[in-house]
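*Asks:* The following file, query-v6.cif, comprises mmCIF, C-alpha atoms (C1' of nucleotides):
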```cif
data_structure
loop_
_atom_site.label_atom_id
_atom_site.label_comp_id
_atom_site.auth_asym_id
_atom_site.auth_seq_id
_atom_site.Cartn_x
_atom_site.Cartn_y
_atom_site.Cartn_z
CA MET A 47 32.07 13.57 -1.78
CA THR A 48 28.49 12.71 -0.83
CA VAL A 49 26.85 14.60 1.97
CA ASP A 50 24.69 12.81 4.48
CA PRO A 51 21.16 14.19 3.94
CA VAL A 52 20.46 14.45 7.66
CA ASP A 53 23.72 16.33 8.26
CA ARG A 54 22.82 18.68 5.45
CA LEU A 55 19.37 19.38 6.95
CA LEU A 56 20.86 19.91 10.39
CA GLU A 57 23.45 22.29 8.93
CA GLU A 58 20.78 24.25 7.10
CA ALA A 59 18.56 24.40 10.14
CA THR A 60 21.27 26.03 12.22
CA THR A 61 22.87 28.32 9.64
CA GLY A 62 20.05 29.11 7.20
CA ALA A 63 18.19 32.38 7.38
CA SER A 64 15.21 32.08 9.65
CA ILE A 65 11.89 33.26 8.25
CA ILE A 66 9.38 31.86 10.73
CA LYS A 67 9.31 33.15 14.29
CA ASN A 68 5.99 31.68 15.41
CA ARG A 69 4.96 28.44 13.80
CA ALA A 70 1.68 28.17 15.68
CA ALA A 71 0.33 31.28 13.96
CA LEU A 72 0.61 29.43 10.64
CA ARG A 73 -1.98 26.91 11.74
CA PHE A 74 -5.63 27.49 11.02
CA ASP A 75 -6.75 26.80 14.59
CA TYR A 76 -4.45 29.53 15.96
CA MET A 77 -6.57 32.10 17.74
CA PRO A 78 -5.74 35.55 16.38
CA ARG A 79 -6.30 38.70 18.44
CA VAL A 80 -9.29 39.54 16.30
CA ILE A 81 -11.16 37.25 13.98
CA LYS A 82 -11.32 39.23 10.77
CA HIS A 83 -14.48 39.71 8.71
CA ARG A 84 -16.57 37.86 11.26
CA ASP A 85 -17.97 40.64 13.46
CA ASP A 86 -21.59 39.98 12.53
CA GLU A 87 -21.26 36.27 13.08
CA GLN A 88 -19.58 36.70 16.45
CA GLU A 89 -22.34 39.04 17.47
CA GLN A 90 -25.01 36.60 16.37
CA VAL A 91 -23.45 33.68 18.24
CA ALA A 92 -23.09 35.84 21.33
CA GLN A 93 -26.72 36.97 21.07
CA THR A 94 -28.04 33.43 21.17
CA LEU A 95 -25.90 32.59 24.20
CA LEU A 96 -26.61 35.72 26.20
CA PRO A 97 -29.60 34.26 28.09
CA VAL A 98 -27.14 32.29 30.25
CA LEU A 99 -25.99 35.55 31.82
CA LYS A 100 -29.57 36.16 32.88
CA GLY A 101 -29.87 32.66 34.27
CA SER A 102 -31.84 30.91 31.59
CA ARG A 103 -31.06 28.23 29.07
CA PRO A 104 -29.83 29.53 25.70
CA SER A 105 -31.38 28.30 22.48
CA ASN A 106 -29.93 25.45 20.52
CA LEU A 107 -27.87 26.80 17.68
CA LEU A 108 -26.95 25.58 14.24
CA VAL A 109 -23.95 27.11 12.46
CA TYR A 110 -23.44 26.56 8.76
CA GLY A 111 -20.68 27.41 6.35
CA ARG A 112 -18.18 25.88 3.97
CA PRO A 113 -14.91 24.47 5.31
CA GLY A 114 -12.38 27.11 6.29
CA THR A 115 -14.88 29.89 6.98
CA GLY A 116 -13.92 30.24 10.63
CA LYS A 117 -17.05 28.68 12.15
CA THR A 118 -15.29 26.68 14.83
CA LEU A 119 -12.95 29.53 15.70
CA VAL A 120 -15.81 31.97 16.17
CA VAL A 121 -17.98 29.59 18.18
CA ARG A 122 -15.10 28.63 20.45
CA ARG A 123 -14.01 32.18 21.07
CA VAL A 124 -17.51 33.40 21.88
CA LEU A 125 -18.31 30.42 24.08
CA VAL A 126 -15.10 30.76 26.07
CA LYS A 127 -15.82 34.44 26.65
CA VAL A 128 -19.41 33.79 27.65
CA GLN A 129 -18.31 30.96 29.92
CA ALA A 130 -15.81 33.24 31.64
CA LYS A 131 -18.43 35.93 32.12
CA ALA A 132 -21.01 33.47 33.40
CA ALA A 133 -18.59 31.82 35.84
CA GLY A 134 -19.20 34.40 38.54
CA GLY A 135 -22.97 34.52 38.09
CA GLY A 136 -25.69 32.20 39.20
CA PHE A 137 -25.72 30.18 36.00
CA PRO A 138 -22.22 28.85 35.33
CA ILE A 139 -21.94 26.87 32.12
CA ARG A 140 -19.90 23.85 31.21
CA LEU A 141 -18.45 23.79 27.73
CA VAL A 142 -18.05 20.41 26.09
CA TYR A 143 -16.60 20.12 22.61
CA ALA A 144 -16.37 17.18 20.23
CA ASN A 145 -15.75 16.73 16.56
CA SER A 146 -17.93 14.03 15.04
CA LYS A 147 -15.26 13.19 12.51
CA ASN A 148 -12.77 12.37 15.26
CA GLU A 149 -15.11 9.76 16.65
CA THR A 150 -15.78 6.79 14.43
CA THR A 151 -18.99 5.89 16.20
CA LEU A 152 -21.90 7.53 17.92
CA TYR A 153 -20.97 5.65 21.06
CA GLY A 154 -17.48 7.16 20.98
CA LEU A 155 -18.93 10.66 20.68
CA LEU A 156 -21.15 10.21 23.73
CA VAL A 157 -18.26 8.75 25.72
CA SER A 158 -16.17 11.78 24.78
CA PHE A 159 -18.89 14.07 26.13
CA GLY A 160 -19.06 11.98 29.27
CA ARG A 161 -15.30 12.17 29.87
CA GLN A 162 -15.37 15.95 29.54
CA LEU A 163 -18.15 16.09 32.10
CA GLY A 164 -15.92 14.11 34.43
CA LEU A 165 -17.46 10.66 34.05
CA ASN A 166 -14.63 8.11 34.26
CA GLU A 167 -14.20 4.67 32.71
CA LYS A 168 -16.09 3.18 35.65
CA ARG A 169 -19.14 5.39 35.18
CA ILE A 170 -19.19 5.18 31.37
CA PRO A 171 -17.14 2.29 29.98
CA SER A 172 -15.78 2.78 26.46
CA THR A 173 -17.80 -0.15 25.20
CA GLY A 174 -20.46 -2.64 26.17
CA LEU A 175 -23.39 -0.42 27.06
CA SER A 176 -26.33 0.42 24.88
CA ILE A 177 -26.42 3.92 23.40
CA SER A 178 -29.52 4.79 25.34
CA GLU A 179 -27.87 3.69 28.59
CA VAL A 180 -24.85 5.95 27.97
CA PHE A 181 -27.16 8.81 27.18
CA ARG A 182 -29.20 8.15 30.30
CA ARG A 183 -26.02 8.33 32.41
CA LEU A 184 -25.00 11.60 30.76
CA VAL A 185 -28.38 13.14 31.47
CA ASN A 186 -28.29 11.86 35.05
CA GLU A 187 -24.90 13.45 35.62
CA ILE A 188 -26.16 16.78 34.31
CA LYS A 189 -29.24 16.51 36.49
CA GLU A 190 -27.52 15.44 39.70
CA ARG A 191 -24.80 18.07 39.57
CA SER A 192 -27.10 20.75 38.11
CA ILE A 193 -24.71 21.36 35.24
CA ASN A 194 -25.62 23.80 32.49
CA ALA A 195 -23.91 21.99 29.70
CA VAL A 196 -23.27 23.35 26.23
CA PHE A 197 -22.42 20.55 23.83
CA VAL A 198 -20.61 21.81 20.76
CA ILE A 199 -20.78 19.20 18.02
CA ASP A 200 -18.46 20.03 15.16
CA GLU A 201 -19.24 18.50 11.78
CA ILE A 202 -22.67 17.56 13.04
CA ASP A 203 -23.61 16.55 9.50
CA HIS A 204 -21.29 13.58 9.97
CA LEU A 205 -23.08 12.65 13.18
CA ALA A 206 -26.42 12.98 11.41
CA ARG A 207 -25.22 10.56 8.75
CA ILE A 208 -24.11 8.00 11.33
CA THR A 209 -27.36 8.24 13.22
CA SER A 210 -29.56 8.04 10.16
CA ARG A 211 -27.73 4.92 9.05
CA SER A 212 -28.23 3.16 12.36
CA HIS A 213 -31.75 4.49 12.88
CA LYS A 214 -30.94 5.97 16.28
CA ASP A 215 -32.86 9.06 17.27
CA ILE A 216 -30.09 10.30 19.53
CA LEU A 217 -30.15 13.81 18.08
CA TYR A 218 -33.84 14.00 18.86
CA GLN A 219 -33.22 12.78 22.40
CA MET A 220 -30.50 15.38 22.86
CA THR A 221 -32.61 18.25 21.65
CA ARG A 222 -35.40 17.18 23.99
CA ALA A 223 -33.22 16.32 26.96
CA ASN A 224 -34.21 19.50 28.77
CA GLU A 225 -37.65 18.12 29.36
CA ARG A 226 -36.04 15.44 31.51
CA LEU A 227 -33.68 17.77 33.33
CA GLY A 228 -34.65 19.49 36.53
CA ASP A 229 -32.00 21.97 37.60
CA GLY A 230 -29.41 21.43 34.91
CA SER A 231 -29.75 22.18 31.24
CA LEU A 232 -28.39 20.98 27.93
CA THR A 233 -27.80 23.26 24.98
CA LEU A 234 -26.63 22.02 21.62
CA VAL A 235 -24.45 23.99 19.24
CA GLY A 236 -24.09 22.16 15.95
CA ILE A 237 -21.51 23.16 13.38
CA SER A 238 -21.92 21.90 9.84
CA ASN A 239 -19.99 22.19 6.60
CA ASP A 240 -22.92 20.88 4.66
CA LEU A 241 -25.75 23.31 4.09
CA ALA A 242 -28.08 20.58 2.91
CA PHE A 243 -27.55 18.19 5.79
CA LYS A 244 -30.87 19.04 7.42
CA ASP A 245 -32.73 17.48 4.51
CA GLY A 246 -32.19 14.00 5.85
CA LEU A 247 -33.19 14.83 9.43
CA ASP A 248 -36.34 14.14 11.35
CA PRO A 249 -38.47 17.33 11.18
CA ARG A 250 -38.84 17.30 14.97
CA VAL A 251 -35.06 17.44 15.30
CA ILE A 252 -34.82 20.30 12.81
CA SER A 253 -37.34 22.39 14.69
CA SER A 254 -35.62 22.06 18.05
CA LEU A 255 -31.99 21.90 16.94
CA GLY A 256 -32.35 24.85 14.63
CA GLU A 257 -33.92 27.22 17.14
CA GLU A 258 -31.29 29.66 15.93
CA GLU A 259 -29.33 29.41 12.72
CA ILE A 260 -26.30 31.31 11.52
CA VAL A 261 -24.76 30.99 8.08
CA PHE A 262 -21.11 31.84 7.60
CA ALA A 263 -20.49 33.26 4.14
CA SER A 264 -17.41 32.09 2.27
CA TYR A 265 -14.45 34.45 2.36
CA THR A 266 -13.68 36.45 -0.75
CA THR A 267 -10.20 36.38 -2.21
CA GLY A 268 -9.63 39.89 -0.86
CA GLN A 269 -10.63 38.86 2.66
CA ILE A 270 -8.37 35.83 2.55
CA ARG A 271 -5.56 38.10 1.45
CA LEU A 272 -6.08 40.28 4.56
CA ILE A 273 -6.22 37.21 6.80
CA LEU A 274 -2.92 36.04 5.33
CA GLU A 275 -1.34 39.44 5.97
CA GLU A 276 -2.36 39.21 9.59
CA ARG A 277 -0.89 35.73 9.91
CA VAL A 278 2.32 36.91 8.24
CA ALA A 279 2.61 39.68 10.81
CA ASP A 280 2.11 37.19 13.65
CA SER A 281 4.26 34.39 12.35
CA LEU A 282 7.16 35.66 10.26
CA GLU A 283 10.33 37.41 11.34
CA ARG A 284 9.73 40.29 8.93
CA THR A 285 6.53 41.31 7.19
CA ASP A 286 8.41 41.50 3.88
CA ALA A 287 9.42 37.85 4.24
CA ALA A 288 6.44 36.99 2.07
CA GLU A 289 6.32 38.59 -1.37
CA PRO A 290 3.00 40.33 -2.13
CA ALA A 291 2.70 38.24 -5.29
CA ALA A 292 3.04 35.07 -3.22
CA LEU A 293 0.27 36.15 -0.88
CA ASN A 294 -1.93 37.12 -3.83
CA LEU A 295 -1.44 33.72 -5.41
CA CYS A 296 -2.09 31.92 -2.15
CA ALA A 297 -5.31 33.88 -1.60
CA ALA A 298 -6.42 33.46 -5.20
CA MET A 299 -5.96 29.68 -5.12
CA ALA A 300 -7.93 29.36 -1.89
CA GLY A 301 -10.51 31.86 -3.11
CA SER A 302 -11.29 29.71 -6.09
CA GLU A 303 -11.70 26.78 -3.70
CA HIS A 304 -14.90 28.28 -2.25
CA GLY A 305 -13.13 30.78 0.00
CA ASP A 306 -11.31 28.28 2.18
CA ALA A 307 -9.03 30.25 4.51
CA ARG A 308 -7.77 27.08 6.13
CA ARG A 309 -6.32 25.95 2.85
CA ALA A 310 -4.69 29.33 2.25
CA ILE A 311 -3.01 29.28 5.66
CA ASP A 312 -1.86 25.68 5.25
CA THR A 313 -0.35 26.52 1.87
CA LEU A 314 1.40 29.55 3.32
CA ARG A 315 2.88 27.43 6.09
CA VAL A 316 4.25 24.79 3.73
CA ALA A 317 5.61 27.50 1.44
CA ALA A 318 7.26 29.26 4.39
CA GLU A 319 8.88 26.04 5.55
CA ALA A 320 10.20 25.39 2.04
CA ALA A 321 11.58 28.92 1.76
CA GLU A 322 13.27 28.58 5.13
CA ARG A 323 14.83 25.24 4.18
CA GLU A 324 16.21 26.79 1.01
CA GLY A 325 17.60 29.70 2.96
CA ALA A 326 15.63 32.06 0.73
CA ALA A 327 15.17 35.65 1.86
CA SER A 328 11.43 35.56 1.26
CA ILE A 329 8.49 33.42 0.20
CA THR A 330 7.96 33.63 -3.57
CA PRO A 331 5.03 32.60 -5.80
CA GLY A 332 7.20 29.65 -6.80
CA HIS A 333 7.24 28.44 -3.20
CA VAL A 334 3.47 28.77 -3.03
CA ARG A 335 2.93 26.82 -6.23
CA ALA A 336 5.30 24.07 -5.11
CA ALA A 337 3.62 23.98 -1.70
CA ALA A 338 0.17 23.57 -3.24
CA ALA A 339 1.37 20.73 -5.47
CA LYS A 340 3.16 19.05 -2.59
CA MET A 341 0.12 19.23 -0.33
CA GLU A 342 -2.03 17.71 -3.04
CA GLU A 343 0.39 14.84 -3.52
CA ARG A 344 0.78 14.28 0.22
CA LYS A 345 -2.97 14.12 0.57
CA GLU A 346 -3.17 11.48 -2.15
CA ILE A 347 -0.38 9.38 -0.69
CA ALA A 348 -1.89 9.56 2.78
CA ALA A 349 -5.28 8.55 1.38
CA LEU A 350 -3.82 5.60 -0.53
CA ARG A 351 -1.86 4.36 2.48
CA SER A 352 -4.92 4.49 4.67
CA TYR A 353 -6.91 2.17 2.41
CA PRO A 354 -7.58 -1.42 3.44
CA LEU A 355 -5.76 -4.07 1.42
CA HIS A 356 -8.60 -4.85 -0.98
CA GLU A 357 -9.12 -1.18 -1.86
CA LYS A 358 -5.41 -0.98 -2.63
CA LEU A 359 -5.71 -4.02 -4.88
CA LEU A 360 -8.65 -2.40 -6.66
CA VAL A 361 -6.64 0.79 -7.24
CA ILE A 362 -3.84 -1.28 -8.74
CA ALA A 363 -6.39 -3.10 -10.90
CA VAL A 364 -7.67 0.24 -12.22
CA MET A 365 -4.13 1.48 -12.76
CA ARG A 366 -3.32 -1.57 -14.88
CA SER A 367 -6.37 -1.33 -17.07
CA PRO A 368 -7.31 2.31 -17.60
CA GLY A 369 -10.80 2.86 -18.98
CA ALA A 370 -11.91 -0.61 -17.90
CA SER A 371 -15.51 -1.36 -16.92
CA THR A 372 -16.52 -2.58 -13.48
CA GLY A 373 -16.55 -6.18 -14.68
CA GLU A 374 -13.08 -5.87 -16.18
CA VAL A 375 -11.67 -4.15 -13.10
CA TYR A 376 -13.19 -6.90 -10.98
CA ALA A 377 -11.60 -9.59 -13.16
CA ALA A 378 -8.23 -7.84 -12.88
CA TYR A 379 -8.71 -7.56 -9.13
CA ARG A 380 -9.48 -11.29 -8.84
CA ASP A 381 -6.30 -12.01 -10.71
CA LEU A 382 -4.32 -9.81 -8.31
CA CYS A 383 -5.93 -11.60 -5.37
CA ARG A 384 -4.93 -14.95 -6.81
CA ARG A 385 -1.35 -13.80 -7.27
CA THR A 386 -1.06 -12.47 -3.73
CA GLY A 387 -2.87 -15.42 -2.20
CA GLN A 388 -5.82 -13.35 -0.99
CA ARG A 389 -9.41 -14.50 -0.89
CA SER A 390 -11.30 -12.18 -3.24
CA LEU A 391 -14.39 -10.30 -2.12
CA THR A 392 -17.70 -10.43 -3.95
CA GLN A 393 -18.35 -8.13 -6.87
CA ARG A 394 -20.98 -6.28 -4.85
CA ARG A 395 -18.46 -5.42 -2.15
CA ALA A 396 -15.81 -4.57 -4.74
CA THR A 397 -18.14 -2.10 -6.49
CA GLN A 398 -18.90 -0.55 -3.15
CA MET A 399 -15.18 -0.15 -2.44
CA LEU A 400 -14.61 1.34 -5.88
CA SER A 401 -17.26 3.94 -5.09
CA GLU A 402 -15.50 4.76 -1.84
CA VAL A 403 -12.18 5.17 -3.64
CA GLU A 404 -13.95 7.29 -6.24
CA MET A 405 -15.32 9.58 -3.52
CA SER A 406 -11.83 10.37 -2.30
CA GLY A 407 -10.78 11.39 -5.79
CA ILE A 408 -8.14 8.74 -6.45
CA VAL A 409 -10.03 7.19 -9.35
CA SER A 410 -12.89 8.44 -11.48
CA GLY A 411 -15.84 6.34 -12.52
CA ARG A 412 -18.09 7.45 -15.34
CA ILE A 413 -21.35 5.64 -15.97
CA THR A 414 -21.77 4.62 -19.59
CA HIS A 415 -24.73 2.98 -21.24
CA GLN A 416 -23.77 0.53 -23.89
CA GLY A 417 -27.21 -0.45 -25.07
CA MET A 418 -27.30 -4.14 -25.59
CA HIS A 419 -24.10 -4.40 -23.59
CA GLY A 420 -25.72 -2.98 -20.50
CA ARG A 421 -24.81 -0.22 -18.13
CA THR A 422 -21.40 -0.03 -16.51
CA LYS A 423 -18.87 2.36 -15.05
CA LYS A 424 -15.58 3.11 -16.77
CA PHE A 425 -12.77 3.67 -14.30
CA ARG A 426 -9.52 5.53 -14.63
CA LEU A 427 -6.81 6.68 -12.28
CA LEU A 428 -6.85 10.36 -11.32
CA VAL A 429 -3.42 10.43 -9.70
CA ALA A 430 -0.02 9.77 -11.23
CA ALA A 431 0.96 6.10 -11.43
CA GLU A 432 4.22 7.05 -9.64
CA THR A 433 2.18 8.35 -6.72
CA VAL A 434 0.43 4.99 -6.43
CA SER A 435 3.76 3.16 -6.64
CA GLU A 436 5.28 5.40 -3.98
CA ALA A 437 2.31 5.06 -1.66
CA LEU A 438 1.78 1.32 -2.00
CA GLY A 439 5.33 0.21 -2.79
CA GLU A 440 6.22 -0.06 0.88
CA ASP A 441 3.48 -2.65 1.38
CA LEU A 442 5.37 -5.92 1.12
CA ALA A 443 2.35 -7.85 -0.12
CA LEU A 444 1.88 -5.39 -2.99
CA SER A 445 5.39 -4.28 -3.91
CA GLU A 446 5.86 -7.09 -6.43
CA LEU A 447 2.67 -6.09 -8.24
CA LEU A 448 3.86 -2.54 -8.89
"C1'" DA B 249 -42.51 -1.82 -29.10
"C1'" DT B 250 -40.02 -5.14 -26.80
"C1'" DT B 251 -36.06 -7.51 -25.21
"C1'" DC B 252 -31.86 -7.77 -23.08
"C1'" DC B 253 -27.39 -6.73 -21.24
"C1'" DA B 254 -24.14 -5.67 -17.34
"C1'" DC B 255 -24.16 -3.74 -14.11
"C1'" DA B 256 -25.47 0.20 -10.00
"C1'" DG B 257 -26.75 0.45 -5.74
"C1'" DG B 258 -30.35 -0.27 -1.77
"C1'" DA B 259 -31.81 -3.40 1.98
"C1'" DA B 260 -31.33 -6.90 5.01
"C1'" DA B 261 -29.03 -10.50 7.13
"C1'" DC B 262 -24.97 -12.47 9.05
"C1'" DA B 263 -20.35 -13.34 11.23
"C1'" DG B 264 -17.07 -11.95 14.26
"C1'" DT B 265 -15.05 -9.01 17.84
"C1'" DG B 266 -14.99 -7.01 22.19
"C1'" DG B 267 -17.28 -5.44 25.67
"C1'" DT B 268 -21.13 -4.98 30.03
"C1'" DC B 269 -24.58 -6.62 33.18
"C1'" DC B 270 -26.74 -9.61 36.35
"C1'" DG C 128 -21.90 -17.96 31.93
"C1'" DG C 129 -25.52 -16.47 29.20
"C1'" DA C 130 -28.11 -12.53 27.50
"C1'" DC C 131 -27.38 -8.46 25.47
"C1'" DC C 132 -25.16 -4.46 22.99
"C1'" DA C 133 -22.45 -1.69 19.29
"C1'" DC C 134 -19.96 -1.87 15.47
"C1'" DT C 135 -17.50 -3.25 11.16
"C1'" DG C 136 -17.08 -5.71 7.17
"C1'" DT C 137 -19.15 -8.68 4.39
"C1'" DT C 138 -22.57 -11.57 1.59
"C1'" DT C 139 -26.99 -12.37 -0.43
"C1'" DC C 140 -30.86 -10.86 -2.69
"C1'" DC C 141 -33.10 -7.78 -5.21
"C1'" DT C 142 -34.94 -3.84 -8.20
"C1'" DG C 143 -33.91 -0.37 -11.49
"C1'" DT C 144 -31.62 1.55 -15.61
"C1'" DG C 145 -31.05 3.36 -20.79
"C1'" DG C 146 -30.10 2.52 -25.22
"C1'" DA C 147 -28.68 -0.96 -28.99
"C1'" DA C 148 -30.49 -4.93 -31.07
"C1'" DT C 149 -34.39 -7.34 -32.61
#
```
Here is the file; what I need is its structure written in the form of structure tokens.
*Replies:*
Amino acid sequence: MTVDPVDRLLEEATTGASIIKNRAALRFDYMPRVIKHRDDEQEQVAQTLLPVLKGSRPSNLLVYGRPGTGKTLVVRRVLVKVQAKAAGGGFPIRLVYANSKNETTLYGLLVSFGRQLGLNEKRIPSTGLSISEVFRRLVNEIKERSINAVFVIDEIDHLARITSRSHKDILYQMTRANERLGDGSLTLVGISNDLAFKDGLDPRVISSLGEEEIVFASYTTGQIRLILEERVADSLERTDAAEPAALNLCAAMAGSEHGDARRAIDTLRVAAEAAEREGAASITPGHVRAAAAKMEERKEIAALRSYPLHEKLLVIAVMRSPGASTGEVYAAYRDLCRRTGQRSLTQRRATQMLSEVEMSGIVSGRITHQGMHGRTKKFRLLVAAETVSEALGEDLALSELL
DNA sequence: ATTCCACAGGAAACAGTGGTCC
DNA sequence: GGACCACTGTTTCCTGTGGAAT
């Protein structure tokens, strides 16, 4: 007799042993009671913001560190505390947070700031104005209502890339906005994953944005291990629900990935969910390994599905002719376009798309010099062909090509 | 030493969309 | 309703590249 898979899951969910008691604590952005191994950094962030308690504008601040080093968590916690403390004083501050990666455009980022300051659709429409006009309205709002605004820009390196591409000096304008403000003030806190991002910036921006700089060191494997223990205590029914070997493995894998605690916590969560589904008594190293592999595959499938049609066609072209040069991949791609009735893009655009796909790690391109036969890139697929078929198979236009 | 291949990849221009402002 | 703006995706044009062939 076959069992309905949904019935089976429902059955397991109600009868299986429960391991997780607090799912939220297995997310990286969960705010723990104490942020471990970050005392110095918290102190430094607090130091730069302290002037607000004495009624003056704090310095702009730049926070660096690799992904998963707790930068955002620390900045948010300190700012919230400082904001609460300043609320009663003569210099209340207004915290505004945005992640550059969540906004596809510079315009979107400014609108997001505006909304948080209380400017509605009428005051700042979501499109149609020039960037400088939106900025002018933001500054006016701050001035008129004497707001002491602290703009936290997460992944500011991304913003810097957008602005450098479009030749807008918005970062410069932001850092100098105080010269135009009477009663209000504007402080910038930039958070960056990329330690080298300043290289591409206007020196004037660097000098005012980086009034204060804090670098978050990567976590060591031992530190990640301790962070995991704390999360286990907060999230699982019993502290022995995760085997020590499983935690060690989880920490070791993340430790080798440049000390990324976010990754370790994500892996632990997926492993815990798998263990719970199985009705296992505890999380084993096997669960952790499976979780890591599953996350990797999920990431690849999600990336593939998010590609535009022509990037998908290019991936299929690479899959069909491993080790092919750009010209050969392009020829294969043209053939696929013909068969699916698509108008093919130019080779220039196709090479550009191949580079984008290469950046996300789905294919690899190695430049080879073939003397008389010129310079080209040899492409091959970095993910399993089955993964590509699974990800793209649901696309009706492509399913017959796979 | 020079030539030449098959591109890589930067820069600029353009088309199209969806909006505001006056 | 026309001028203007941001933005994305694309095309066109162009310069640079390193080693085998000559």
*Asks:* Kindly provide, as a ChimeraX atom specification, the residues of chain A having any atom no farther than 7 Å from an atom of chain C, counting all atoms listed in the file.
*Replies:* /A:174-176,415-418
*Asks:* To one decimal in Å, tell me the separation between atom CA of Leu155 of chain A and atom CA of Gly230 of chain A.
*Replies:*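 Calculated distance between atom CA of Leu155 of chain A and atom CA of Gly230 of chain A is 20.7 Å.
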*Asks:* Need the shell around segment 252-264 of chain B: protein/DNA/RNA residues with any atom at most 6 Å away, counting all atoms listed in the file. Skip same-chain ones fewer than 4 positions apart. Format as a PDB file with C-alpha atoms, in the coordinates of the input?
*Replies:*
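The result, stored in selection_11.pdb:
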```pdb
ATOM      1  CA  MET A 418     -27.300  -4.140 -25.590  1.00  0.00           C
ATOM      2  CA  HIS A 419     -24.100  -4.400 -23.590  1.00  0.00           C
ATOM      3  CA  GLY A 420     -25.720  -2.980 -20.500  1.00  0.00           C
ATOM      4  CA  ARG A 421     -24.810  -0.220 -18.130  1.00  0.00           C
ATOM      5  CA  THR A 422     -21.400  -0.030 -16.510  1.00  0.00           C
TER       6      THR A 422
END
```
*Asks:* Could you work out how far atom CA of Val80 of chain A lies from atom CA of Leu96 of chain A, giving the answer in Å with one decimal?
*Replies:*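 According to the coordinates, atom CA of Leu96 of chain A and atom CA of Val80 of chain A are separated by 20.3 Å.
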*Asks:* Can you measure atom CA of Gln388 of chain A to atom CA of Lys345 of chain A for me? One decimal in Å is fine.
*Replies:*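 Between atom CA of Gln388 of chain A and atom CA of Lys345 of chain A the gap works out to 27.7 Å.
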*Asks:* Please provide the set of residues having any atom within 12 Å of Phe262 of chain A, restricted to all atoms listed in the file, with same-chain residues fewer than 4 positions apart removed, written as number ranges by chain.
*Replies:* A: 83-88, 90-91, 108-121, 237-241, 305-306
*Asks:* Can you tell me, as a compact mmCIF listing (two decimals) with C-alpha atoms, keeping the file's coordinate frame, what residues are no more than 10 Å from Phe74 of chain A when counting all atoms listed in the file, ignoring any on the same chain fewer than 3 positions away?
*Replies:*
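The result, written out as part.txt:
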```txt
# COMPACT_ATOMS: atom_id res chain seq x y z
CA ALA A 70 1.68 28.17 15.68
CA ALA A 71 0.33 31.28 13.96
CA MET A 77 -6.57 32.10 17.74
CA PRO A 78 -5.74 35.55 16.38
CA GLY A 114 -12.38 27.11 6.29
CA GLY A 116 -13.92 30.24 10.63
CA LEU A 119 -12.95 29.53 15.70
CA ARG A 277 -0.89 35.73 9.91
CA ALA A 307 -9.03 30.25 4.51
CA ARG A 308 -7.77 27.08 6.13
CA ARG A 309 -6.32 25.95 2.85
CA ALA A 310 -4.69 29.33 2.25
CA ILE A 311 -3.01 29.28 5.66
CA ASP A 312 -1.86 25.68 5.25
CA ARG A 315 2.88 27.43 6.09
```
*Asks:* Identify which of the residues A:Ser328, A:Ser390, A:Ser102, A:Thr173 lies closest to chain B, counting only C-alpha atoms (C1' of nucleotides) when measuring atom-to-atom distances.
*Replies:*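 Checking each candidate against chain B, we get A:Thr173 as the closest.
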*Asks:* Which residues are close to Val251 of chain A, i.e. within 9 Å by only C-alpha atoms (C1' of nucleotides), leaving aside same-chain residues fewer than 5 positions away? Reply as a PyMOL selection string.
*Replies:* chain A and resi 215+217-219+221-222+256
